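Asker: The following file, upload38.cif, comprises mmCIF, C-alpha atoms; chains and numbers go by the auth columns:
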data_coords
loop_
_atom_site.group_PDB
_atom_site.id
_atom_site.type_symbol
_atom_site.label_atom_id
_atom_site.label_comp_id
_atom_site.label_asym_id
_atom_site.label_seq_id
_atom_site.Cartn_x
_atom_site.Cartn_y
_atom_site.Cartn_z
_atom_site.B_iso_or_equiv
_atom_site.auth_seq_id
_atom_site.auth_asym_id
ATOM 1 C CA MET A 1 -5.411 4.502 -19.026 0.00 1 A
ATOM 2 C CA ARG A 2 -3.799 7.212 -16.922 0.00 2 A
ATOM 3 C CA TYR A 3 -3.837 6.053 -13.287 0.00 3 A
ATOM 4 C CA LEU A 4 -3.904 2.355 -12.408 0.00 4 A
ATOM 5 C CA ALA A 5 -4.046 1.449 -8.715 0.00 5 A
ATOM 6 C CA MET A 6 -2.371 -1.889 -8.017 0.00 6 A
ATOM 7 C CA ILE A 7 -2.916 -3.461 -4.597 0.00 7 A
ATOM 8 C CA GLN A 8 -0.379 -6.151 -3.753 0.00 8 A
ATOM 9 C CA ALA A 9 -1.774 -8.940 -1.587 0.00 9 A
ATOM 10 C CA ARG A 10 -0.976 -12.527 -0.678 0.00 10 A
ATOM 11 C CA CYS A 11 -2.023 -15.094 1.907 0.00 11 A
ATOM 12 C CA GLY A 12 1.474 -16.128 2.985 0.00 12 A
ATOM 13 C CA SER A 13 2.106 -13.600 5.766 0.00 13 A
ATOM 14 C CA THR A 14 4.100 -15.195 8.600 0.00 14 A
ATOM 15 C CA ARG A 15 3.286 -12.739 11.409 0.00 15 A
ATOM 16 C CA LEU A 16 -0.465 -12.741 10.765 0.00 16 A
ATOM 17 C CA PRO A 17 -1.435 -15.554 8.353 0.00 17 A
ATOM 18 C CA ASN A 18 -4.207 -14.800 5.835 0.00 18 A
ATOM 19 C CA LYS A 19 -4.458 -11.267 7.186 0.00 19 A
ATOM 20 C CA VAL A 20 -5.800 -9.859 3.912 0.00 20 A
ATOM 21 C CA LEU A 21 -8.840 -12.137 4.200 0.00 21 A
ATOM 22 C CA LYS A 22 -9.582 -11.564 7.886 0.00 22 A
ATOM 23 C CA ASP A 23 -13.132 -10.421 8.559 0.00 23 A
ATOM 24 C CA LEU A 24 -13.354 -6.680 9.087 0.00 24 A
ATOM 25 C CA CYS A 25 -16.910 -5.735 10.017 0.00 25 A
ATOM 26 C CA GLY A 26 -18.483 -8.296 7.721 0.00 26 A
ATOM 27 C CA ARG A 27 -16.125 -8.063 4.749 0.00 27 A
ATOM 28 C CA PRO A 28 -12.608 -9.408 4.051 0.00 28 A
ATOM 29 C CA GLN A 29 -9.887 -6.873 4.801 0.00 29 A
ATOM 30 C CA LEU A 30 -8.759 -6.870 1.158 0.00 30 A
ATOM 31 C CA GLN A 31 -12.275 -6.010 0.027 0.00 31 A
ATOM 32 C CA ARG A 32 -12.264 -3.068 2.442 0.00 32 A
ATOM 33 C CA VAL A 33 -9.005 -1.836 0.864 0.00 33 A
ATOM 34 C CA ILE A 34 -10.362 -2.226 -2.666 0.00 34 A
ATOM 35 C CA GLU A 35 -13.582 -0.377 -1.854 0.00 35 A
ATOM 36 C CA ARG A 36 -11.763 2.515 -0.217 0.00 36 A
ATOM 37 C CA VAL A 37 -9.333 2.923 -3.113 0.00 37 A
ATOM 38 C CA GLN A 38 -12.194 2.753 -5.619 0.00 38 A
ATOM 39 C CA ARG A 39 -13.590 5.928 -4.052 0.00 39 A
ATOM 40 C CA ALA A 40 -10.588 7.909 -5.318 0.00 40 A
ATOM 41 C CA LYS A 41 -11.961 10.144 -8.080 0.00 41 A
ATOM 42 C CA ARG A 42 -8.767 10.298 -10.134 0.00 42 A
ATOM 43 C CA VAL A 43 -8.082 6.544 -10.260 0.00 43 A
ATOM 44 C CA ASP A 44 -9.150 4.877 -13.524 0.00 44 A
ATOM 45 C CA GLU A 45 -9.006 1.275 -12.321 0.00 45 A
ATOM 46 C CA VAL A 46 -8.232 -0.664 -9.150 0.00 46 A
ATOM 47 C CA MET A 47 -6.759 -4.129 -9.461 0.00 47 A
ATOM 48 C CA VAL A 48 -5.031 -6.668 -7.237 0.00 48 A
ATOM 49 C CA ILE A 49 -1.690 -8.320 -7.910 0.00 49 A
ATOM 50 C CA THR A 50 -0.692 -11.502 -6.162 0.00 50 A
ATOM 51 C CA SER A 51 1.811 -14.323 -6.608 0.00 51 A
ATOM 52 C CA ILE A 52 1.615 -17.704 -8.336 0.00 52 A
ATOM 53 C CA ASP A 53 1.479 -19.561 -4.997 0.00 53 A
ATOM 54 C CA LYS A 54 -1.691 -21.690 -4.907 0.00 54 A
ATOM 55 C CA ALA A 55 -2.301 -20.478 -1.349 0.00 55 A
ATOM 56 C CA ASN A 56 -3.489 -17.246 -2.956 0.00 56 A
ATOM 57 C CA LEU A 57 -6.457 -18.858 -4.723 0.00 57 A
ATOM 58 C CA PRO A 58 -8.913 -17.361 -2.173 0.00 58 A
ATOM 59 C CA ILE A 59 -7.717 -13.910 -3.278 0.00 59 A
ATOM 60 C CA LEU A 60 -8.528 -14.754 -6.884 0.00 60 A
ATOM 61 C CA ARG A 61 -11.983 -16.007 -5.893 0.00 61 A
ATOM 62 C CA LEU A 62 -12.700 -12.824 -3.944 0.00 62 A
ATOM 63 C CA CYS A 63 -11.620 -10.621 -6.854 0.00 63 A
ATOM 64 C CA VAL A 64 -13.763 -12.609 -9.294 0.00 64 A
ATOM 65 C CA ASP A 65 -16.754 -12.085 -7.005 0.00 65 A
ATOM 66 C CA LEU A 66 -15.999 -8.354 -6.833 0.00 66 A
ATOM 67 C CA GLY A 67 -15.363 -7.971 -10.563 0.00 67 A
ATOM 68 C CA VAL A 68 -11.793 -6.813 -9.952 0.00 68 A
ATOM 69 C CA ARG A 69 -8.948 -7.765 -12.299 0.00 69 A
ATOM 70 C CA VAL A 70 -5.991 -9.701 -10.889 0.00 70 A
ATOM 71 C CA GLY A 71 -2.371 -9.793 -11.979 0.00 71 A
ATOM 72 C CA ILE A 72 -0.333 -12.864 -11.042 0.00 72 A
ATOM 73 C CA GLY A 73 3.450 -13.019 -10.889 0.00 73 A
ATOM 74 C CA SER A 74 6.592 -13.824 -8.951 0.00 74 A
ATOM 75 C CA GLU A 75 6.330 -14.630 -5.251 0.00 75 A
ATOM 76 C CA ASP A 76 9.561 -12.868 -4.234 0.00 76 A
ATOM 77 C CA ASP A 77 10.247 -10.429 -7.087 0.00 77 A
ATOM 78 C CA VAL A 78 7.344 -8.066 -6.453 0.00 78 A
ATOM 79 C CA LEU A 79 8.881 -5.412 -8.724 0.00 79 A
ATOM 80 C CA ASP A 80 8.673 -7.898 -11.589 0.00 80 A
ATOM 81 C CA ARG A 81 5.083 -8.693 -10.582 0.00 81 A
ATOM 82 C CA TYR A 82 4.175 -5.005 -10.858 0.00 82 A
ATOM 83 C CA TYR A 83 6.056 -4.395 -14.079 0.00 83 A
ATOM 84 C CA GLN A 84 4.795 -7.447 -15.962 0.00 84 A
ATOM 85 C CA THR A 85 1.198 -6.566 -15.086 0.00 85 A
ATOM 86 C CA ALA A 86 1.620 -2.886 -15.923 0.00 86 A
ATOM 87 C CA ARG A 87 3.362 -3.787 -19.200 0.00 87 A
ATOM 88 C CA LEU A 88 0.166 -5.437 -20.403 0.00 88 A
ATOM 89 C CA LEU A 89 -2.092 -2.498 -19.535 0.00 89 A
ATOM 90 C CA LYS A 90 0.307 0.390 -20.251 0.00 90 A
ATOM 91 C CA PRO A 91 -1.010 2.982 -17.766 0.00 91 A
ATOM 92 C CA ASP A 92 0.707 6.352 -17.596 0.00 92 A
ATOM 93 C CA TYR A 93 1.112 5.911 -13.839 0.00 93 A
ATOM 94 C CA VAL A 94 0.957 3.029 -11.396 0.00 94 A
ATOM 95 C CA ILE A 95 -0.297 3.682 -7.872 0.00 95 A
ATOM 96 C CA ARG A 96 1.269 1.189 -5.500 0.00 96 A
ATOM 97 C CA LEU A 97 -0.857 0.139 -2.518 0.00 97 A
ATOM 98 C CA THR A 98 -0.889 -2.884 -0.217 0.00 98 A
ATOM 99 C CA GLY A 99 -3.601 -5.197 1.066 0.00 99 A
ATOM 100 C CA ASP A 100 -2.465 -4.779 4.656 0.00 100 A
ATOM 101 C CA CYS A 101 -3.531 -1.119 4.768 0.00 101 A
ATOM 102 C CA PRO A 102 -7.323 -1.208 5.294 0.00 102 A
ATOM 103 C CA LEU A 103 -7.419 2.489 6.225 0.00 103 A
ATOM 104 C CA ALA A 104 -6.024 3.608 2.856 0.00 104 A
ATOM 105 C CA ASP A 105 -7.519 7.013 2.122 0.00 105 A
ATOM 106 C CA PRO A 106 -8.968 7.973 -1.304 0.00 106 A
ATOM 107 C CA GLU A 107 -8.701 11.685 -0.449 0.00 107 A
ATOM 108 C CA LEU A 108 -4.952 11.341 -0.008 0.00 108 A
ATOM 109 C CA ILE A 109 -4.583 9.378 -3.241 0.00 109 A
ATOM 110 C CA ASP A 110 -6.368 12.141 -5.149 0.00 110 A
ATOM 111 C CA MET A 111 -4.350 14.791 -3.317 0.00 111 A
ATOM 112 C CA ALA A 112 -1.041 13.159 -4.229 0.00 112 A
ATOM 113 C CA ILE A 113 -2.046 12.908 -7.880 0.00 113 A
ATOM 114 C CA SER A 114 -3.106 16.572 -7.957 0.00 114 A
ATOM 115 C CA GLN A 115 0.307 17.679 -6.654 0.00 115 A
ATOM 116 C CA MET A 116 2.255 15.950 -9.417 0.00 116 A
ATOM 117 C CA ASN A 117 3.676 17.674 -12.471 0.00 117 A
ATOM 118 C CA ASP A 118 3.741 16.164 -15.954 0.00 118 A
ATOM 119 C CA ASP A 119 7.419 15.329 -15.553 0.00 119 A
ATOM 120 C CA THR A 120 7.124 13.767 -12.077 0.00 120 A
ATOM 121 C CA ASP A 121 8.510 10.208 -12.054 0.00 121 A
ATOM 122 C CA TYR A 122 7.581 9.388 -8.485 0.00 122 A
ATOM 123 C CA CYS A 123 5.387 10.885 -5.778 0.00 123 A
ATOM 124 C CA GLY A 124 5.197 9.191 -2.386 0.00 124 A
ATOM 125 C CA ASN A 125 5.378 9.536 1.354 0.00 125 A
ATOM 126 C CA PRO A 126 7.923 6.977 2.660 0.00 126 A
ATOM 127 C CA THR A 127 10.844 9.410 2.892 0.00 127 A
ATOM 128 C CA SER A 128 9.405 12.056 5.190 0.00 128 A
ATOM 129 C CA ALA A 129 6.985 9.564 6.819 0.00 129 A
ATOM 130 C CA THR A 130 4.642 12.336 7.972 0.00 130 A
ATOM 131 C CA PHE A 131 1.565 10.131 7.517 0.00 131 A
ATOM 132 C CA ALA A 132 0.535 7.222 9.718 0.00 132 A
ATOM 133 C CA ASP A 133 2.124 3.921 8.749 0.00 133 A
ATOM 134 C CA GLY A 134 -0.698 2.401 6.718 0.00 134 A
ATOM 135 C CA LEU A 135 -1.571 5.510 4.695 0.00 135 A
ATOM 136 C CA ASP A 136 1.177 4.800 2.181 0.00 136 A
ATOM 137 C CA VAL A 137 0.651 6.277 -1.278 0.00 137 A
ATOM 138 C CA GLU A 138 3.236 5.809 -4.026 0.00 138 A
ATOM 139 C CA ILE A 139 2.642 6.935 -7.606 0.00 139 A
ATOM 140 C CA ILE A 140 5.162 5.810 -10.199 0.00 140 A
ATOM 141 C CA LYS A 141 5.358 6.861 -13.830 0.00 141 A
ATOM 142 C CA TYR A 142 5.381 3.765 -16.035 0.00 142 A
ATOM 143 C CA SER A 143 8.762 4.682 -17.534 0.00 143 A
ATOM 144 C CA ALA A 144 10.261 4.947 -14.026 0.00 144 A
ATOM 145 C CA LEU A 145 8.802 1.558 -13.076 0.00 145 A
ATOM 146 C CA GLU A 146 10.305 0.066 -16.221 0.00 146 A
ATOM 147 C CA ARG A 147 13.715 1.582 -15.489 0.00 147 A
ATOM 148 C CA SER A 148 13.603 0.231 -11.932 0.00 148 A
ATOM 149 C CA TRP A 149 12.727 -3.215 -13.255 0.00 149 A
ATOM 150 C CA LYS A 150 15.696 -3.124 -15.635 0.00 150 A
ATOM 151 C CA GLU A 151 18.276 -1.729 -13.204 0.00 151 A
ATOM 152 C CA ALA A 152 17.445 -2.912 -9.664 0.00 152 A
ATOM 153 C CA THR A 153 19.741 -5.774 -8.644 0.00 153 A
ATOM 154 C CA HIS A 154 19.352 -5.903 -4.841 0.00 154 A
ATOM 155 C CA THR A 155 16.829 -8.374 -3.501 0.00 155 A
ATOM 156 C CA PHE A 156 15.258 -5.778 -1.190 0.00 156 A
ATOM 157 C CA GLU A 157 14.741 -3.504 -4.205 0.00 157 A
ATOM 158 C CA ARG A 158 12.976 -6.335 -6.034 0.00 158 A
ATOM 159 C CA GLU A 159 10.800 -7.216 -3.031 0.00 159 A
ATOM 160 C CA HIS A 160 9.960 -3.625 -2.042 0.00 160 A
ATOM 161 C CA VAL A 161 8.906 -2.165 -5.373 0.00 161 A
ATOM 162 C CA THR A 162 9.956 1.473 -5.059 0.00 162 A
ATOM 163 C CA GLN A 163 13.206 1.114 -3.132 0.00 163 A
ATOM 164 C CA TYR A 164 15.352 1.504 -6.245 0.00 164 A
ATOM 165 C CA ILE A 165 13.709 4.866 -6.952 0.00 165 A
ATOM 166 C CA ILE A 166 13.909 5.971 -3.318 0.00 166 A
ATOM 167 C CA ASN A 167 17.604 5.066 -3.137 0.00 167 A
ATOM 168 C CA HIS A 168 18.451 6.658 -6.513 0.00 168 A
ATOM 169 C CA GLN A 169 16.502 9.891 -6.352 0.00 169 A
ATOM 170 C CA ASN A 170 19.123 11.608 -8.499 0.00 170 A
ATOM 171 C CA LEU A 171 17.993 9.456 -11.446 0.00 171 A
ATOM 172 C CA PHE A 172 14.336 10.409 -11.190 0.00 172 A
ATOM 173 C CA ASN A 173 12.119 13.459 -10.850 0.00 173 A
ATOM 174 C CA TYR A 174 11.215 12.676 -7.256 0.00 174 A
ATOM 175 C CA MET A 175 8.438 14.334 -5.231 0.00 175 A
ATOM 176 C CA ASP A 176 7.912 13.831 -1.508 0.00 176 A
ATOM 177 C CA PHE A 177 4.245 13.772 -0.510 0.00 177 A
ATOM 178 C CA ILE A 178 3.927 15.480 2.884 0.00 178 A
ATOM 179 C CA SER A 179 0.958 15.516 5.239 0.00 179 A
ATOM 180 C CA PRO A 180 -1.131 18.699 4.846 0.00 180 A
ATOM 181 C CA ILE A 181 -2.180 18.651 8.516 0.00 181 A
ATOM 182 C CA GLY A 182 1.187 18.166 10.222 0.00 182 A
ATOM 183 C CA ASP A 183 3.253 15.152 11.140 0.00 183 A
ATOM 184 C CA PHE A 184 1.387 12.130 12.514 0.00 184 A
ATOM 185 C CA GLY A 185 3.946 9.555 11.424 0.00 185 A
ATOM 186 C CA ASP A 186 4.031 8.109 14.925 0.00 186 A
ATOM 187 C CA GLN A 187 0.655 6.462 14.270 0.00 187 A
ATOM 188 C CA ARG A 188 0.542 2.829 13.146 0.00 188 A
ATOM 189 C CA TRP A 189 -2.494 1.906 11.019 0.00 189 A
ATOM 190 C CA THR A 190 -1.034 -0.939 8.979 0.00 190 A
ATOM 191 C CA VAL A 191 -1.773 -4.612 9.726 0.00 191 A
ATOM 192 C CA ASP A 192 1.218 -6.872 10.311 0.00 192 A
ATOM 193 C CA GLU A 193 0.624 -8.078 13.856 0.00 193 A
ATOM 194 C CA PRO A 194 -2.468 -9.233 15.816 0.00 194 A
ATOM 195 C CA GLU A 195 -2.363 -5.974 17.770 0.00 195 A
ATOM 196 C CA ASP A 196 -2.432 -4.008 14.509 0.00 196 A
ATOM 197 C CA PHE A 197 -5.576 -5.810 13.439 0.00 197 A
ATOM 198 C CA GLU A 198 -7.159 -5.182 16.820 0.00 198 A
ATOM 199 C CA LEU A 199 -6.630 -1.422 16.447 0.00 199 A
ATOM 200 C CA VAL A 200 -8.008 -1.347 12.896 0.00 200 A
ATOM 201 C CA GLN A 201 -10.940 -3.524 13.936 0.00 201 A
ATOM 202 C CA ARG A 202 -11.812 -1.127 16.743 0.00 202 A
ATOM 203 C CA VAL A 203 -11.708 1.789 14.281 0.00 203 A
ATOM 204 C CA TYR A 204 -13.990 -0.006 11.826 0.00 204 A
ATOM 205 C CA GLU A 205 -16.419 -1.105 14.508 0.00 205 A
ATOM 206 C CA HIS A 206 -16.752 2.479 15.687 0.00 206 A
ATOM 207 C CA PHE A 207 -17.372 4.055 12.286 0.00 207 A
ATOM 208 C CA ILE A 208 -19.254 1.235 10.535 0.00 208 A
ATOM 209 C CA ASN A 209 -21.331 -0.172 13.399 0.00 209 A
ATOM 210 C CA GLU A 210 -21.731 2.809 15.711 0.00 210 A
ATOM 211 C CA GLU A 211 -21.543 5.858 13.448 0.00 211 A
ATOM 212 C CA LYS A 212 -22.991 4.091 10.364 0.00 212 A
ATOM 213 C CA MET A 213 -20.299 5.868 8.378 0.00 213 A
ATOM 214 C CA GLU A 214 -18.673 4.072 5.429 0.00 214 A
ATOM 215 C CA ASN A 215 -16.661 6.993 4.045 0.00 215 A
ATOM 216 C CA PHE A 216 -14.636 7.841 7.132 0.00 216 A
ATOM 217 C CA GLY A 217 -11.221 9.339 6.431 0.00 217 A
ATOM 218 C CA TYR A 218 -7.880 9.893 8.094 0.00 218 A
ATOM 219 C CA LYS A 219 -8.991 13.077 9.874 0.00 219 A
ATOM 220 C CA ASP A 220 -11.964 11.218 11.367 0.00 220 A
ATOM 221 C CA ILE A 221 -9.660 8.448 12.567 0.00 221 A
ATOM 222 C CA LEU A 222 -7.236 10.903 14.158 0.00 222 A
ATOM 223 C CA LYS A 223 -10.059 12.572 16.083 0.00 223 A
ATOM 224 C CA TYR A 224 -11.365 9.209 17.263 0.00 224 A
ATOM 225 C CA LEU A 225 -7.962 7.966 18.419 0.00 225 A
ATOM 226 C CA LYS A 226 -7.240 11.240 20.199 0.00 226 A
ATOM 227 C CA LYS A 227 -10.367 10.646 22.279 0.00 227 A
ATOM 228 C CA HIS A 228 -9.358 7.014 22.869 0.00 228 A
ATOM 229 C CA PRO A 229 -5.617 6.861 23.625 0.00 229 A
ATOM 230 C CA GLU A 230 -6.050 3.340 24.991 0.00 230 A
ATOM 231 C CA ILE A 231 -6.861 2.182 21.442 0.00 231 A
ATOM 232 C CA GLU A 232 -4.073 4.213 19.852 0.00 232 A
ATOM 233 C CA SER A 233 -1.554 2.557 22.183 0.00 233 A
ATOM 234 C CA ILE A 234 -2.560 -1.039 21.355 0.00 234 A
ATOM 235 C CA ASN A 235 0.258 -1.509 18.820 0.00 235 A
ATOM 236 C CA LYS A 236 2.714 1.183 19.897 0.00 236 A
ATOM 237 C CA LYS A 237 5.473 -1.329 20.669 0.00 237 A
ATOM 238 C CA PHE A 238 6.046 -2.147 16.986 0.00 238 A
ATOM 239 C CA LYS A 239 8.512 -0.220 14.836 0.00 239 A
ATOM 240 C CA ARG A 240 7.766 1.255 11.447 0.00 240 A
ATOM 241 C CA ASN A 241 8.896 -0.670 8.348 0.00 241 A
ATOM 242 C CA GLU A 242 10.209 -3.735 10.175 0.00 242 A
ATOM 243 C CA GLY A 243 9.630 -5.854 7.059 0.00 243 A
ATOM 244 C CA LEU A 244 11.740 -3.538 4.907 0.00 244 A
ATOM 245 C CA GLN A 245 14.560 -3.507 7.452 0.00 245 A
ATOM 246 C CA LYS A 246 14.545 -7.317 7.560 0.00 246 A
ATOM 247 C CA SER A 247 14.824 -7.416 3.765 0.00 247 A
ATOM 248 C CA ILE A 248 17.717 -4.946 3.835 0.00 248 A
ATOM 249 C CA ASP A 249 19.495 -7.011 6.485 0.00 249 A
ATOM 250 C CA GLU A 250 19.122 -10.129 4.323 0.00 250 A
ATOM 251 C CA ASP A 251 19.944 -8.352 1.058 0.00 251 A
ATOM 252 C CA ARG A 252 21.954 -9.948 -1.718 0.00 252 A
ATOM 253 C CA ILE A 253 22.730 -9.147 -5.331 0.00 253 A
ATOM 254 C CA VAL A 254 20.732 -11.045 -7.947 0.00 254 A
ATOM 255 C CA ALA A 255 21.040 -11.439 -11.706 0.00 255 A
ATOM 256 C CA ILE A 256 17.926 -10.121 -13.384 0.00 256 A
ATOM 257 C CA LYS A 257 16.673 -11.721 -16.593 0.00 257 A
ATOM 258 C CA LYS A 258 15.436 -9.041 -18.976 0.00 258 A
#
Could you quickly redo this structure as structure tokens?

Answerer:
Amino acid sequence: MRYLAMIQARCGSTRLPNKVLKDLCGRPQLQRVIERVQRAKRVDEVMVITSIDKANLPILRLCVDLGVRVGIGSEDDVLDRYYQTARLLKPDYVIRLTGDCPLADPELIDMAISQMNDDTDYCGNPTSATFADGLDVEIIKYSALERSWKEATHTFEREHVTQYIINHQNLFNYMDFISPIGDFGDQRWTVDEPEDFELVQRVYEHFINEEKMENFGYKDILKYLKKHPEIESINKKFKRNEGLQKSIDEDRIVAIKK
């Protein structure tokens, strides 16, 4: 297997409980993410990874119904969760995605893959942040994921899977994935807060219910929001990557069992 997309999801969100299972135009949000990622032409398989917490049983049931494989691992050490699952399947590359990004774009996933070289260890967009928050794409070579798993000792690097690579770019062949249509990093399309879900819900209602359009992409969304600034502004008060910053603020060194 060359490219394995792994969508991390759990039910234990504190700001918006069970957000990955919230109804989004007739389907759970996580199902919407899965279906969008499955449209990427270069992805060999899409799977979900969650934690051992029993609260996540509804995620397992949904994935069984959809015929999607699930990896189960540590609640807090998400890097270990990714590595242990990938170790069993041995893909050449892991594509890291999250269940709170229901506007994930298959065109961008394919575009990022096409820009990589054979020796690229990591390709992603968190450094330049030229895409809307919620269009995150991170592609990690298996060997780079394994090295991160062995060497990362900060808790925020274990919780946020690619932070070791991002903070040690000198150790990896690192590629920054930059928006091909200019910077729109001021947009917030992720779902962490009730206002975030309201914005995404309005987008889905427009394209699914009004336009009867399942395969809408990021360019379609930008055009729609430009015409409706009142929707774009619904969640403007929230900062990008607040969860990561909280993890950094609470960081500590941990001993990793290899």

Asker: Go through A:Gly71, A:Gly134, A:Pro180, A:Pro106 one by one, measure the shortest atom-to-atom distance of each to Lys41 (chain A) using all atoms listed in the file, and give the residue with the smallest value.

Answerer: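 Residue with the minimum atom-to-atom distance to Lys41 (chain A): A:Pro106.
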
Asker: Identify which of the residues A:Asp65, A:Ile7, A:Asp53, A:Asn18 lies closest to Val37 (chain A), counting all atoms listed in the file when measuring atom-to-atom distances.

Answerer: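 Using all atoms listed in the file, the shortest distance to Val37 (chain A) belongs to A:Ile7.
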
Asker: Let me know the residues the PyMOL selection byres ((chain A and resi 109-113) around 12) catches in the file above, as a PyMOL selection string.

Answerer: chain A and resi 2-5+36-44+93-97+104-108+114-118+120-125+135-141+175-180+217-218

Asker: Since we have the selection now, will you write its residues out, keeping C-alpha atoms, as an mmCIF file, in the coordinates of the input?

Answerer:
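The result, written out as result35.cif:
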data_model
loop_
_atom_site.group_PDB
_atom_site.id
_atom_site.type_symbol
_atom_site.label_atom_id
_atom_site.label_comp_id
_atom_site.auth_asym_id
_atom_site.auth_seq_id
_atom_site.Cartn_x
_atom_site.Cartn_y
_atom_site.Cartn_z
ATOM 1 C CA ARG A 2 -3.799 7.212 -16.922
ATOM 2 C CA TYR A 3 -3.837 6.053 -13.287
ATOM 3 C CA LEU A 4 -3.904 2.355 -12.408
ATOM 4 C CA ALA A 5 -4.046 1.449 -8.715
ATOM 5 C CA ARG A 36 -11.763 2.515 -0.217
ATOM 6 C CA VAL A 37 -9.333 2.923 -3.113
ATOM 7 C CA GLN A 38 -12.194 2.753 -5.619
ATOM 8 C CA ARG A 39 -13.590 5.928 -4.052
ATOM 9 C CA ALA A 40 -10.588 7.909 -5.318
ATOM 10 C CA LYS A 41 -11.961 10.144 -8.080
ATOM 11 C CA ARG A 42 -8.767 10.298 -10.134
ATOM 12 C CA VAL A 43 -8.082 6.544 -10.260
ATOM 13 C CA ASP A 44 -9.150 4.877 -13.524
ATOM 14 C CA TYR A 93 1.112 5.911 -13.839
ATOM 15 C CA VAL A 94 0.957 3.029 -11.396
ATOM 16 C CA ILE A 95 -0.297 3.682 -7.872
ATOM 17 C CA ARG A 96 1.269 1.189 -5.500
ATOM 18 C CA LEU A 97 -0.857 0.139 -2.518
ATOM 19 C CA ALA A 104 -6.024 3.608 2.856
ATOM 20 C CA ASP A 105 -7.519 7.013 2.122
ATOM 21 C CA PRO A 106 -8.968 7.973 -1.304
ATOM 22 C CA GLU A 107 -8.701 11.685 -0.449
ATOM 23 C CA LEU A 108 -4.952 11.341 -0.008
ATOM 24 C CA SER A 114 -3.106 16.572 -7.957
ATOM 25 C CA GLN A 115 0.307 17.679 -6.654
ATOM 26 C CA MET A 116 2.255 15.950 -9.417
ATOM 27 C CA ASN A 117 3.676 17.674 -12.471
ATOM 28 C CA ASP A 118 3.741 16.164 -15.954
ATOM 29 C CA THR A 120 7.124 13.767 -12.077
ATOM 30 C CA ASP A 121 8.510 10.208 -12.054
ATOM 31 C CA TYR A 122 7.581 9.388 -8.485
ATOM 32 C CA CYS A 123 5.387 10.885 -5.778
ATOM 33 C CA GLY A 124 5.197 9.191 -2.386
ATOM 34 C CA ASN A 125 5.378 9.536 1.354
ATOM 35 C CA LEU A 135 -1.571 5.510 4.695
ATOM 36 C CA ASP A 136 1.177 4.800 2.181
ATOM 37 C CA VAL A 137 0.651 6.277 -1.278
ATOM 38 C CA GLU A 138 3.236 5.809 -4.026
ATOM 39 C CA ILE A 139 2.642 6.935 -7.606
ATOM 40 C CA ILE A 140 5.162 5.810 -10.199
ATOM 41 C CA LYS A 141 5.358 6.861 -13.830
ATOM 42 C CA MET A 175 8.438 14.334 -5.231
ATOM 43 C CA ASP A 176 7.912 13.831 -1.508
ATOM 44 C CA PHE A 177 4.245 13.772 -0.510
ATOM 45 C CA ILE A 178 3.927 15.480 2.884
ATOM 46 C CA SER A 179 0.958 15.516 5.239
ATOM 47 C CA PRO A 180 -1.131 18.699 4.846
ATOM 48 C CA GLY A 217 -11.221 9.339 6.431
ATOM 49 C CA TYR A 218 -7.880 9.893 8.094
#

Asker: Check what the PyMOL selection byres ((chain A and resi 70) around 8) selects in the file above and give those residues as number ranges by chain.

Answerer: A: 47-50, 60, 63, 68-69, 71-72

Asker: Would you write out, as a JSON list (two decimals) with C-alpha atoms, keeping the file's coordinate frame, every residue that the PyMOL selection byres ((chain A and resi 204) around 12) captures in this file?

Answerer:
[["chain", "number", "residue", "atom", "x", "y", "z"],
["A", 23, "ASP", "CA", -13.13, -10.42, 8.56],
["A", 24, "LEU", "CA", -13.35, -6.68, 9.09],
["A", 25, "CYS", "CA", -16.91, -5.74, 10.02],
["A", 26, "GLY", "CA", -18.48, -8.30, 7.72],
["A", 27, "ARG", "CA", -16.12, -8.06, 4.75],
["A", 29, "GLN", "CA", -9.89, -6.87, 4.80],
["A", 32, "ARG", "CA", -12.26, -3.07, 2.44],
["A", 102, "PRO", "CA", -7.32, -1.21, 5.29],
["A", 103, "LEU", "CA", -7.42, 2.49, 6.22],
["A", 189, "TRP", "CA", -2.49, 1.91, 11.02],
["A", 197, "PHE", "CA", -5.58, -5.81, 13.44],
["A", 198, "GLU", "CA", -7.16, -5.18, 16.82],
["A", 199, "LEU", "CA", -6.63, -1.42, 16.45],
["A", 200, "VAL", "CA", -8.01, -1.35, 12.90],
["A", 201, "GLN", "CA", -10.94, -3.52, 13.94],
["A", 202, "ARG", "CA", -11.81, -1.13, 16.74],
["A", 203, "VAL", "CA", -11.71, 1.79, 14.28],
["A", 205, "GLU", "CA", -16.42, -1.10, 14.51],
["A", 206, "HIS", "CA", -16.75, 2.48, 15.69],
["A", 207, "PHE", "CA", -17.37, 4.06, 12.29],
["A", 208, "ILE", "CA", -19.25, 1.24, 10.54],
["A", 209, "ASN", "CA", -21.33, -0.17, 13.40],
["A", 210, "GLU", "CA", -21.73, 2.81, 15.71],
["A", 211, "GLU", "CA", -21.54, 5.86, 13.45],
["A", 212, "LYS", "CA", -22.99, 4.09, 10.36],
["A", 213, "MET", "CA", -20.30, 5.87, 8.38],
["A", 214, "GLU", "CA", -18.67, 4.07, 5.43],
["A", 215, "ASN", "CA", -16.66, 6.99, 4.04],
["A", 216, "PHE", "CA", -14.64, 7.84, 7.13],
["A", 217, "GLY", "CA", -11.22, 9.34, 6.43],
["A", 220, "ASP", "CA", -11.96, 11.22, 11.37],
["A", 221, "ILE", "CA", -9.66, 8.45, 12.57],
["A", 224, "TYR", "CA", -11.36, 9.21, 17.26],
["A", 225, "LEU", "CA", -7.96, 7.97, 18.42]]

Asker: What does the distance between CA of Asp92 (chain A) and CA of Arg158 (chain A) come to in Å, to one decimal place?

Answerer: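 One can read the CA of Asp92 (chain A) to CA of Arg158 (chain A) distance as 21.1 Å.
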
Asker: When distances are computed from only C-alpha atoms, which of A:Lys226, A:Lys237, A:Lys22, A:Lys219 shows the smallest separation from Glu195 (chain A)?

Answerer: A:Lys237
